[in-house]
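> My structure is below; once you've seen it, I'll send some questions.
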Amino acid sequence: MIAVDTNVLVQAHRQDAAFHLAARDTVSSLASNRAPWAIPWPCVHEFLAVVTHPKIFRTPTPVTIACGQIDAWMDAPSLTLLSEDPQSHWSVLRPLIIAGKIRGPRVHDARIAALCLAHGVTQLLSADRDFSRFPALVVRNPMV
């Protein structure tokens, strides 16, 4: 299963983004395909925070439009939203934090990596190089 990180979702959504077409085509292909794909819940939250933020975009996406975009992705029958399993999440997250010497804001990336690994994600689509701290997770940038 392929999972999609926040930066790819933002690029796919924002027409003014530098890599919009590549990201849009990637996400559209996943959504229209029958193969399972995923978005970690923290990436949904972060997507909303980023695209609606007036300090990030001169003209931020209105909340209703951003929510509509998420609704459209959720309409894809092959989409799975990844969330923590209360029984096992810590047992996956803790070793990633220790081995990767994770601190501060990188804990967010470790959380996403742990979700992906726990749910059997074979590849995370992301432009974030910080995921290289988690060698068990294959990361590919679809925008290059």
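Identifiers in this document derive from the order of the structure tokens: chains are assigned A, B, ..., residues are numbered from 1 separately in each chain, and ligands are numbered from 1 in order of occurrence.
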Identify all residues of range 53-124 of chain A in strand (DSSP E or B) (DSSP on the backbone) and supply them as a list of chain:residue names.

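For range 53-124 of chain A, the strand (DSSP E or B) set is A:Leu79, A:Thr80, A:Leu81, A:Leu82, A:Gln123, A:Leu124.
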
> Could you dump the residues just selected with C-alpha atoms as an mmCIF file, in the first residue's frame?


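Result went into out12.cif, see below:
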```
data_model
loop_
_atom_site.group_PDB
_atom_site.id
_atom_site.type_symbol
_atom_site.label_atom_id
_atom_site.label_comp_id
_atom_site.auth_asym_id
_atom_site.auth_seq_id
_atom_site.Cartn_x
_atom_site.Cartn_y
_atom_site.Cartn_z
ATOM 1 C CA LEU A 79 -8.459 5.044 0.436
ATOM 2 C CA THR A 80 -7.577 3.991 3.970
ATOM 3 C CA LEU A 81 -7.040 6.573 6.704
ATOM 4 C CA LEU A 82 -4.263 5.484 9.039
ATOM 5 C CA GLN A 123 5.995 3.266 0.190
ATOM 6 C CA LEU A 124 5.429 6.788 1.487
#
```

> From the options A:Val10, A:Ala31, A:Ala22, A:Cys116, which residue's atoms come nearest to Trp73 in chain A, counting only C-alpha atoms?

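Using only C-alpha atoms, the shortest distance to Trp73 in chain A belongs to A:Ala31.
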
> Mind checking which residues fall within 9 Å of Glu84 in chain A, counting only C-alpha atoms, ignoring those fewer than 2 positions away in the same chain, and posting them as a list in words?

Trp41, Leu82, Pro86, Gln87, Ser88, His89, Trp90, Arg111, Ala114, Leu115 and Ala118 of chain A

> Near Ile56 in chain A, counting only C-alpha atoms, which residues have an atom at most 12 Å away, once you skip same-chain residues fewer than 5 positions from it, shown as a count of residues only?

9

> Write out as a list of chain:residue names all residues of range 34-69 of chain A that DSSP puts in alpha helix (DSSP H) for this structure's backbone.

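Checking each residue of range 34-69 of chain A, the alpha helix (DSSP H) ones are A:Trp41, A:Pro42, A:Cys43, A:Val44, A:His45, A:Glu46, A:Phe47, A:Leu48, A:Ala49, A:Val50, A:Val51, A:Val63, A:Thr64, A:Ile65, A:Ala66, A:Cys67, A:Gly68, A:Gln69.
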
> Export, as a compact mmCIF listing (two decimals), in the first residue's frame, the selected residues with C-alpha atoms.


```
# COMPACT_ATOMS: atom_id res chain seq x y z
CA TRP A 41 -4.74 11.08 9.90
CA PRO A 42 -1.98 13.45 11.12
CA CYS A 43 -1.43 14.40 7.46
CA VAL A 44 -5.11 15.27 7.10
CA HIS A 45 -4.84 17.59 10.11
CA GLU A 46 -1.60 19.11 8.88
CA PHE A 47 -3.04 19.59 5.36
CA LEU A 48 -5.90 21.66 6.84
CA ALA A 49 -3.49 23.67 8.97
CA VAL A 50 -1.17 24.44 6.05
CA VAL A 51 -3.57 25.27 3.21
CA VAL A 63 -11.86 26.10 5.17
CA THR A 64 -14.94 24.86 3.33
CA ILE A 65 -12.91 24.26 0.16
CA ALA A 66 -10.12 22.53 2.09
CA CYS A 67 -12.67 20.30 3.80
CA GLY A 68 -14.26 19.63 0.41
CA GLN A 69 -10.89 18.49 -0.90
```

> For Asn7 in chain A, list every protein, DNA or RNA residue within 7 Å, evaluated using only C-alpha atoms, and leave out those in the same chain fewer than 2 positions away; present the list as a count of residues only.

6

> A:Arg140, A:His20, A:His119, A:His13: which is nearest Trp37 in chain A, counting only C-alpha atoms?

A:His119

> Which residue is closest to Leu125 in chain A? Choose from A:Thr6, A:Ser32, A:Thr52, A:Thr59 and count only C-alpha atoms.

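Among the listed residues, A:Thr6 lies closest to Leu125 in chain A.
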
> Write out as number ranges by chain which residues come within 9 Å of Ala113 in chain A when counting only C-alpha atoms, dropping same-chain ones fewer than 6 positions away.

A: 93, 96, 124, 131, 134, 136-137

> For the selection just defined, write its residues with C-alpha atoms to a file, as a PDB file, in the first residue's frame.


```
ATOM      1  CA  LEU A  93       6.843   4.544  17.525  1.00  0.00           C
ATOM      2  CA  LEU A  96      11.799   4.843  15.693  1.00  0.00           C
ATOM      3  CA  LEU A 124       5.429   6.788   1.487  1.00  0.00           C
ATOM      4  CA  PHE A 131      11.956  10.484   6.663  1.00  0.00           C
ATOM      5  CA  PHE A 134      13.492   5.767   9.294  1.00  0.00           C
ATOM      6  CA  ALA A 136      12.459   0.669   7.406  1.00  0.00           C
ATOM      7  CA  LEU A 137      10.134   3.000   5.484  1.00  0.00           C
TER       8      LEU A 137
END
```

> Which of these residues is nearest to Val121 in chain A, using only C-alpha atoms: A:Asp85, A:Pro105, A:Ile98, A:Pro40?

A:Pro40
